[in-house]
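Asker: Contents of structure01.json (JSON, C-alpha atoms and all ligand atoms) are given next:
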[["chain", "number", "residue", "atom", "x", "y", "z"],
["I", 790, "MET", "CA", -59.73, 37.15, 42.06],
["I", 791, "ARG", "CA", -57.53, 40.14, 41.34],
["I", 792, "ILE", "CA", -53.78, 39.73, 40.91],
["I", 793, "LEU", "CA", -51.04, 42.35, 40.84],
["I", 794, "LEU", "CA", -48.06, 41.43, 38.65],
["I", 795, "ILE", "CA", -44.83, 43.41, 39.12],
["I", 796, "GLU", "CA", -42.44, 42.35, 36.34],
["I", 797, "ASP", "CA", -40.19, 44.49, 34.13],
["I", 798, "GLU", "CA", -39.48, 41.90, 31.42],
["I", 799, "LYS", "CA", -42.21, 42.60, 28.88],
["I", 800, "LYS", "CA", -42.30, 39.13, 27.32],
["I", 801, "ILE", "CA", -42.59, 37.34, 30.64],
["I", 802, "ALA", "CA", -45.16, 39.82, 31.92],
["I", 803, "ALA", "CA", -47.27, 39.37, 28.78],
["I", 804, "PHE", "CA", -46.97, 35.56, 29.00],
["I", 805, "ILE", "CA", -48.11, 35.49, 32.63],
["I", 806, "GLU", "CA", -50.85, 38.07, 32.14],
["I", 807, "ARG", "CA", -52.31, 36.28, 29.11],
["I", 808, "GLY", "CA", -52.30, 32.92, 30.90],
["I", 809, "LEU", "CA", -53.93, 34.28, 34.04],
["I", 810, "LYS", "CA", -56.62, 36.11, 32.08],
["I", 811, "GLU", "CA", -57.45, 32.87, 30.30],
["I", 812, "GLU", "CA", -58.01, 31.40, 33.77],
["I", 813, "ASN", "CA", -60.40, 34.28, 34.51],
["I", 814, "TYR", "CA", -58.19, 36.18, 36.91],
["I", 815, "THR", "CA", -58.18, 39.97, 36.77],
["I", 816, "VAL", "CA", -54.58, 41.11, 36.31],
["I", 817, "ASP", "CA", -52.91, 44.51, 36.75],
["I", 818, "THR", "CA", -49.34, 44.56, 35.41],
["I", 819, "VAL", "CA", -46.70, 47.16, 36.25],
["I", 820, "PRO", "CA", -43.00, 47.22, 35.28],
["I", 821, "ASP", "CA", -41.50, 48.58, 38.52],
["I", 822, "GLY", "CA", -41.77, 48.53, 42.27],
["I", 823, "GLU", "CA", -42.94, 52.09, 42.89],
["I", 824, "GLN", "CA", -46.02, 51.63, 40.72],
["I", 825, "GLY", "CA", -46.53, 48.22, 42.29],
["I", 826, "LEU", "CA", -46.40, 49.64, 45.83],
["I", 827, "PHE", "CA", -48.84, 52.37, 44.86],
["I", 828, "LEU", "CA", -51.36, 49.94, 43.37],
["I", 829, "ALA", "CA", -51.01, 47.50, 46.27],
["I", 830, "GLU", "CA", -51.92, 50.31, 48.66],
["I", 831, "VAL", "CA", -55.03, 51.46, 46.81],
["I", 832, "ASN", "CA", -56.45, 48.15, 45.56],
["I", 833, "PRO", "CA", -57.44, 45.05, 47.53],
["I", 834, "TYR", "CA", -55.49, 42.36, 45.65],
["I", 835, "ASP", "CA", -55.92, 38.67, 46.36],
["I", 836, "LEU", "CA", -52.36, 37.91, 45.34],
["I", 837, "ILE", "CA", -49.15, 39.67, 44.28],
["I", 838, "ILE", "CA", -46.59, 38.20, 41.86],
["I", 839, "LEU", "CA", -43.31, 40.05, 42.29],
["I", 840, "ASP", "CA", -40.15, 39.71, 40.22],
["I", 841, "LEU", "CA", -36.92, 39.79, 42.24],
["I", 842, "MET", "CA", -34.76, 41.65, 39.69],
["I", 843, "LEU", "CA", -36.39, 44.99, 38.96],
["I", 844, "PRO", "CA", -35.05, 48.43, 38.00],
["I", 845, "ASP", "CA", -34.56, 50.82, 40.96],
["I", 846, "LYS", "CA", -35.87, 48.95, 43.99],
["I", 847, "ASP", "CA", -35.52, 45.17, 43.80],
["I", 848, "GLY", "CA", -38.17, 42.67, 44.78],
["I", 849, "LEU", "CA", -36.78, 42.09, 48.28],
["I", 850, "VAL", "CA", -37.02, 45.80, 49.15],
["I", 851, "ILE", "CA", -40.52, 46.04, 47.73],
["I", 852, "CYS", "CA", -41.62, 42.95, 49.59],
["I", 853, "LYS", "CA", -40.33, 44.36, 52.90],
["I", 854, "GLU", "CA", -42.01, 47.72, 52.24],
["I", 855, "LEU", "CA", -45.33, 46.03, 51.54],
["I", 856, "ARG", "CA", -45.14, 44.04, 54.77],
["I", 857, "ASN", "CA", -44.07, 47.15, 56.74],
["I", 858, "LYS", "CA", -47.15, 48.91, 55.42],
["I", 859, "ASN", "CA", -49.13, 45.99, 56.81],
["I", 860, "ILE", "CA", -50.16, 44.80, 53.34],
["I", 861, "ASN", "CA", -50.27, 41.07, 53.98],
["I", 862, "THR", "CA", -51.54, 39.95, 50.58],
["I", 863, "PRO", "CA", -50.12, 36.50, 49.64],
["I", 864, "LEU", "CA", -46.96, 37.10, 47.64],
["I", 865, "LEU", "CA", -45.20, 34.85, 45.14],
["I", 866, "MET", "CA", -41.68, 35.89, 44.21],
["I", 867, "LEU", "CA", -40.22, 35.19, 40.76],
["I", 868, "THR", "CA", -36.55, 35.07, 40.05],
["I", 869, "ALA", "CA", -33.89, 33.83, 37.71],
["I", 870, "LYS", "CA", -31.78, 32.98, 40.73],
["I", 871, "GLY", "CA", -32.42, 29.67, 42.34],
["I", 872, "THR", "CA", -29.91, 29.33, 45.12],
["I", 873, "THR", "CA", -30.99, 28.45, 48.63],
["I", 874, "ARG", "CA", -29.71, 31.78, 49.92],
["I", 875, "ASP", "CA", -31.89, 33.72, 47.47],
["I", 876, "LYS", "CA", -34.91, 31.66, 48.38],
["I", 877, "VAL", "CA", -34.30, 32.23, 52.07],
["I", 878, "SER", "CA", -33.90, 36.00, 51.64],
["I", 879, "GLY", "CA", -37.14, 36.13, 49.67],
["I", 880, "LEU", "CA", -39.02, 34.23, 52.33],
["I", 881, "ASN", "CA", -37.43, 36.28, 55.11],
["I", 882, "ALA", "CA", -38.50, 39.47, 53.36],
["I", 883, "GLY", "CA", -42.10, 38.27, 53.66],
["I", 884, "ALA", "CA", -42.75, 36.30, 50.45],
["I", 885, "ASP", "CA", -45.09, 33.31, 50.84],
["I", 886, "ASP", "CA", -43.67, 31.27, 48.00],
["I", 887, "TYR", "CA", -40.90, 31.33, 45.43],
["I", 888, "LEU", "CA", -40.68, 30.27, 41.80],
["I", 889, "THR", "CA", -37.49, 30.11, 39.73],
["I", 890, "LYS", "CA", -37.43, 31.16, 36.06],
["I", 891, "PRO", "CA", -37.86, 29.56, 33.64],
["I", 892, "PHE", "CA", -41.05, 27.88, 34.81],
["I", 893, "ALA", "CA", -44.02, 26.18, 33.18],
["I", 894, "PHE", "CA", -47.21, 28.18, 33.37],
["I", 895, "GLU", "CA", -48.96, 25.17, 34.96],
["I", 896, "GLU", "CA", -46.56, 25.33, 37.89],
["I", 897, "LEU", "CA", -47.19, 29.03, 38.39],
["I", 898, "LEU", "CA", -50.92, 28.40, 38.30],
["I", 899, "ALA", "CA", -50.69, 25.53, 40.80],
["I", 900, "ARG", "CA", -48.74, 27.70, 43.25],
["I", 901, "ILE", "CA", -51.15, 30.61, 42.84],
["I", 902, "ARG", "CA", -54.08, 28.32, 43.58],
["I", 903, "ALA", "CA", -52.35, 26.90, 46.64],
["I", 904, "LEU", "CA", -51.65, 30.40, 48.00],
["I", 905, "LEU", "CA", -55.22, 31.53, 47.38],
["I", 906, "ARG", "CA", -56.60, 28.41, 49.12],
["I", 907, "ARG", "CA", -54.39, 29.04, 52.11],
["I", 908, "GLN", "CA", -55.60, 32.66, 52.20],
["I", 909, "GLN", "CA", -59.25, 31.55, 52.16],
["I", 910, "GLN", "CA", -58.63, 29.20, 55.07],
["I", 911, "ASP", "CA", -56.89, 31.96, 57.03],
["I", 912, "LYS", "CA", -59.85, 34.27, 56.51],
["I", 913, "LEU", "CA", -62.14, 31.75, 58.18],
["I", 914, "THR", "CA", -59.93, 31.25, 61.18],
["I", 915, "THR", "CA", -58.32, 34.64, 61.75],
["I", 916, "LEU", "CA", -60.00, 37.28, 63.89],
["I", 917, "LYS", "CA", -58.92, 40.86, 63.15],
["I", 918, "THR", "CA", -59.37, 44.14, 64.99],
["I", 919, "ALA", "CA", -57.39, 47.03, 63.51],
["I", 920, "ASP", "CA", -53.81, 45.70, 63.22],
["I", 921, "LEU", "CA", -54.37, 42.94, 65.78],
["I", 922, "GLU", "CA", -54.77, 39.40, 64.43],
["I", 923, "LEU", "CA", -55.57, 36.17, 66.21],
["I", 924, "ASN", "CA", -55.52, 32.77, 64.52],
["I", 925, "GLN", "CA", -58.01, 30.44, 66.18],
["I", 926, "ILE", "CA", -56.28, 27.32, 64.93],
["I", 927, "THR", "CA", -52.62, 28.04, 65.59],
["I", 928, "HIS", "CA", -53.38, 30.44, 68.49],
["I", 929, "GLN", "CA", -50.86, 32.83, 67.01],
["I", 930, "VAL", "CA", -51.46, 36.47, 67.96],
["I", 931, "LYS", "CA", -49.86, 39.35, 66.08],
["I", 932, "ARG", "CA", -50.05, 43.10, 66.30],
["I", 933, "SER", "CA", -48.69, 45.08, 63.33],
["I", 934, "GLY", "CA", -47.20, 41.80, 62.14],
["I", 935, "ARG", "CA", -45.25, 41.35, 65.37],
["I", 936, "GLU", "CA", -45.92, 38.11, 67.20],
["I", 937, "MET", "CA", -47.20, 38.36, 70.78],
["I", 938, "VAL", "CA", -46.64, 35.52, 73.22],
["I", 939, "LEU", "CA", -49.70, 35.01, 75.43],
["I", 940, "THR", "CA", -50.47, 32.55, 78.21],
["I", 941, "ALA", "CA", -53.44, 30.22, 77.70],
["I", 942, "LYS", "CA", -55.71, 32.37, 79.88],
["I", 943, "GLU", "CA", -54.63, 35.62, 78.23],
["I", 944, "TYR", "CA", -55.30, 34.02, 74.84],
["I", 945, "ALA", "CA", -58.77, 32.88, 75.88],
["I", 946, "LEU", "CA", -59.61, 36.34, 77.21],
["I", 947, "LEU", "CA", -58.36, 38.08, 74.08],
["I", 948, "GLU", "CA", -60.21, 35.65, 71.80],
["I", 949, "TYR", "CA", -63.42, 36.38, 73.70],
["I", 950, "LEU", "CA", -62.88, 40.14, 73.44],
["I", 951, "MET", "CA", -62.14, 39.84, 69.71],
["I", 952, "LEU", "CA", -65.21, 37.69, 69.05],
["I", 953, "ASN", "CA", -67.20, 40.53, 70.64],
["I", 954, "ALA", "CA", -65.16, 43.42, 69.22],
["I", 955, "GLY", "CA", -67.05, 46.71, 69.22],
["I", 956, "GLN", "CA", -69.41, 45.53, 71.98],
["I", 957, "VAL", "CA", -69.22, 45.97, 75.72],
["I", 958, "VAL", "CA", -68.46, 42.74, 77.53],
["I", 959, "THR", "CA", -69.27, 42.71, 81.23],
["I", 960, "ARG", "CA", -67.11, 41.03, 83.85],
["I", 961, "THR", "CA", -69.88, 38.49, 84.29],
["I", 962, "MET", "CA", -69.83, 37.63, 80.58],
["I", 963, "ILE", "CA", -66.06, 37.26, 80.70],
["I", 964, "SER", "CA", -66.21, 35.09, 83.79],
["I", 965, "GLU", "CA", -68.79, 32.79, 82.24],
["I", 966, "HIS", "CA", -67.00, 32.41, 78.93],
["I", 967, "VAL", "CA", -63.38, 32.47, 79.92],
["I", 968, "TRP", "CA", -63.22, 31.19, 83.50],
["I", 969, "ASN", "CA", -66.16, 28.82, 83.77],
["I", 970, "GLU", "CA", -66.41, 29.36, 87.51],
["I", 971, "ASP", "CA", -68.80, 30.88, 89.96],
["I", 972, "PHE", "CA", -67.78, 34.38, 90.04],
["I", 973, "ASP", "CA", -68.16, 37.24, 92.46],
["I", 974, "SER", "CA", -64.84, 36.75, 94.17],
["I", 975, "PHE", "CA", -63.04, 36.59, 90.85],
["I", 976, "THR", "CA", -63.88, 40.07, 89.64],
["I", 977, "ASN", "CA", -60.44, 41.30, 90.52],
["I", 978, "VAL", "CA", -58.82, 38.45, 88.60],
["I", 979, "ILE", "CA", -60.37, 39.68, 85.38],
["I", 980, "ASP", "CA", -58.97, 43.17, 85.91],
["I", 981, "VAL", "CA", -55.56, 41.68, 86.59],
["I", 982, "TYR", "CA", -55.68, 39.67, 83.36],
["I", 983, "ILE", "CA", -56.91, 42.67, 81.39],
["I", 984, "ASN", "CA", -53.82, 44.48, 82.64],
["I", 985, "TYR", "CA", -51.56, 41.63, 81.55],
["I", 986, "LEU", "CA", -53.18, 41.77, 78.10],
["I", 987, "ARG", "CA", -52.85, 45.55, 77.88],
["I", 988, "ASN", "CA", -49.15, 45.24, 78.63],
["I", 989, "LYS", "CA", -48.72, 42.83, 75.76],
["I", 990, "ILE", "CA", -51.21, 44.09, 73.17],
["I", 991, "ASP", "CA", -51.40, 47.86, 73.70],
["I", 992, "ARG", "CA", -48.18, 48.97, 75.36],
["I", 993, "GLY", "CA", -45.96, 50.90, 72.96],
["I", 994, "PHE", "CA", -48.74, 51.42, 70.40],
["I", 995, "ASP", "CA", -50.37, 54.79, 69.66],
["I", 996, "VAL", "CA", -53.82, 53.28, 69.34],
["I", 997, "GLN", "CA", -55.14, 51.46, 72.42],
["I", 998, "LEU", "CA", -57.49, 48.61, 71.56],
["I", 999, "ILE", "CA", -58.66, 47.52, 75.03],
["I", 1000, "HIS", "CA", -61.04, 50.11, 76.50],
["I", 1001, "SER", "CA", -62.54, 50.19, 79.99],
["I", 1002, "VAL", "CA", -66.25, 50.85, 80.14],
["I", 1003, "ARG", "CA", -66.81, 52.45, 83.51],
["I", 1004, "GLY", "CA", -68.81, 50.37, 85.94],
["I", 1005, "THR", "CA", -69.55, 47.71, 83.35],
["I", 1006, "GLY", "CA", -66.58, 45.95, 81.81],
["I", 1007, "TYR", "CA", -64.46, 46.22, 78.73],
["I", 1008, "MET", "CA", -64.59, 46.72, 75.01],
["I", 1009, "LEU", "CA", -62.09, 45.87, 72.30],
["I", 1010, "LYS", "CA", -62.14, 48.28, 69.38],
["I", 1011, "GLY", "CA", -59.72, 49.82, 66.91],
["D", 1101, "CA", "CA", -36.72, 41.31, 36.03]]
Would you mind writing the file's structure down as structure tokens?
Answerer:
Amino acid sequence: MRILLIEDEKKIAAFIERGLKEENYTVDTVPDGEQGLFLAEVNPYDLIILDLMLPDKDGLVICKELRNKNINTPLLMLTAKGTTRDKVSGLNAGADDYLTKPFAFEELLARIRALLRRQQQDKLTTLKTADLELNQITHQVKRSGREMVLTAKEYALLEYLMLNAGQVVTRTMISEHVWNEDFDSFTNVIDVYINYLRNKIDRGFDVQLIHSVRGTGYMLKG
């Protein structure tokens, strides 16, 4: 597990880094947001620990920039402030959890483990194609982090397309897996639902994910 630590206070950074290394985590530590953003873009971290009060850009700005760049690594925010308003702004900016200084290392470790566990569970239940994500448990669908509201049938159709991403799915395959009915007369229904999905998933985006395969069916690919 590789962790990015963005913290300008040397003593605290050293304390966290030493503790995490003893727990066998790989840790990269940087003292400001610009370096943190750069590293988060080039390395696949499992978790980011971000201090709220930093020189230049503060933690809230950095957190928003990370999420805007579609870097959805679990993020724990550290701060000396502990008011409800500060916690809410941190969470609104895209942080997954919040820890107020001073803290015991054991508490930091417990929260890190909880975030990593949650991340592992998400990996097993979230289908991804390009910037489109579908959670098979909560049925939440997002594109570029923006939540899409789908009807039950649209969801079922999209889930089927995503499970077969990169492969052509015929109308017959769709009918058998999504409609469970005898089919010929329904062919047009599938096209109608594909259009509904396109309006929600692809409209307004430069990259179209739902492709028509002439005479055969459809393919979802990024
Ligand atoms: Ca600080």
Asker: Residues at most 6 Å from ligand CA 1101 (chain D), using only C-alpha atoms and all ligand atoms? Could they come as a PyMOL selection string?
Answerer: chain I and resi 796-798+840+842-843
Asker: Do a neighbour search on range 828-834 of chain I at 9 Å with all atoms listed in the file, toss out local chain neighbours closer than 5 positions, and write the hits as a list in words.
Answerer: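 So the residues in contact are Met790, Arg791, Ile792, Leu793, Asp817, Val819, Glu823, Leu855, Lys858, Ile860, Thr862 and Pro863 of chain I.
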Asker: Counting all atoms listed in the file, what are the residues of range 981-1004 of chain I within 12 Å of range 908-923 of chain I, and for each of them which pair of atoms is the nearest and at what distance in Å, to one decimal? Sort the table by chain and rising number, as a Markdown table.
Answerer:
| residue | atom | partner | partner_atom | distance |
| --- | --- | --- | --- | --- |
| I:Lys989 | CA | I:Leu921 | CA | 11.5 |
| I:Ile990 | CA | I:Leu921 | CA | 8.1 |
| I:Asp991 | CA | I:Leu921 | CA | 9.8 |
| I:Phe994 | CA | I:Asp920 | CA | 10.5 |
| I:Asp995 | CA | I:Asp920 | CA | 11.7 |
| I:Val996 | CA | I:Ala919 | CA | 9.3 |
| I:Gln997 | CA | I:Ala919 | CA | 10.2 |
| I:Leu998 | CA | I:Thr918 | CA | 8.2 |
| I:Ile999 | CA | I:Thr918 | CA | 10.6 |
Asker: If I take CA of Gly934 in chain I and CA of Gly1011 in chain I, how far is one from the other in Å, to one decimal?
Answerer: 15.6 Å
Asker: Go ahead and compute the interatomic distance for CA of Phe804 in chain I and CA of Lys853 in chain I, in Å to one decimal.
Answerer: 26.3 Å
Asker: I want to know what sits within 7 Å of range 950-962 of chain I, based on all atoms listed in the file, with residues of the same chain fewer than 4 positions away left out; could you give that as an MDAnalysis selection string?
Answerer: chainID I and resid 916 918 946 966 976 1005:1010
Asker: Go ahead and save the picked residues with C-alpha atoms, as a short mmCIF file (atom, residue, chain, number, x, y, z; two decimals), keeping the file's coordinate frame.
Answerer:
data_model
loop_
_atom_site.label_atom_id
_atom_site.label_comp_id
_atom_site.auth_asym_id
_atom_site.auth_seq_id
_atom_site.Cartn_x
_atom_site.Cartn_y
_atom_site.Cartn_z
CA LEU I 916 -60.00 37.28 63.89
CA THR I 918 -59.37 44.14 64.99
CA LEU I 946 -59.61 36.34 77.21
CA HIS I 966 -67.00 32.41 78.93
CA THR I 976 -63.88 40.07 89.64
CA THR I 1005 -69.55 47.71 83.35
CA GLY I 1006 -66.58 45.95 81.81
CA TYR I 1007 -64.46 46.22 78.73
CA MET I 1008 -64.59 46.72 75.01
CA LEU I 1009 -62.09 45.87 72.30
CA LYS I 1010 -62.14 48.28 69.38
#
Asker: With 12 Å as the threshold, what does the neighbourhood of (-51.1, 40.8, 81.2) contain in terms of residues, counting only C-alpha atoms? Coordinates are those of the file; answer as a PyMOL selection string.
Answerer: chain I and resi 937-944+946-947+978-992+999
Asker: Distance CA of Ser933 in chain I-CA of Gly883 in chain I, one decimal place?
Answerer: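 Atom-to-atom, CA of Ser933 in chain I and CA of Gly883 in chain I are spaced 13.5 Å apart.
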Asker: When distances are computed from all atoms listed in the file, which of I:Lys846, I:Lys876, I:Lys931, I:Lys890 shows the smallest separation from Ile801 in chain I?
Answerer: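 Answer, going by the shortest atom-to-atom distance: I:Lys890.
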Asker: For Ala893 in chain I, work out the shell of residues within 12 Å, counting all atoms listed in the file and skipping chain neighbours fewer than 3 positions away, then give it as a PyMOL selection string.
Answerer: chain I and resi 801+804-805+808+888-890+896-900
Asker: Let me make sure I understand: among I:Leu841, I:Val967, I:Cys852, I:Leu880, which one has the smallest atom-to-atom distance to Thr868 in chain I if we use all atoms listed in the file?
Answerer: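 Smallest distance to Thr868 in chain I is found for I:Leu841.
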Asker: Counting only C-alpha atoms, figure out which residue out of I:Val930, I:Val877, I:Ile851, I:Leu836 gets nearest to Leu904 in chain I.
Answerer: I:Leu836
Asker: Considering all atoms listed in the file, state which residue in the set I:Leu839, I:Glu895, I:Asp847, I:Asp885 is at the smallest distance from Met866 in chain I.
Answerer: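 Closest candidate: I:Leu839.
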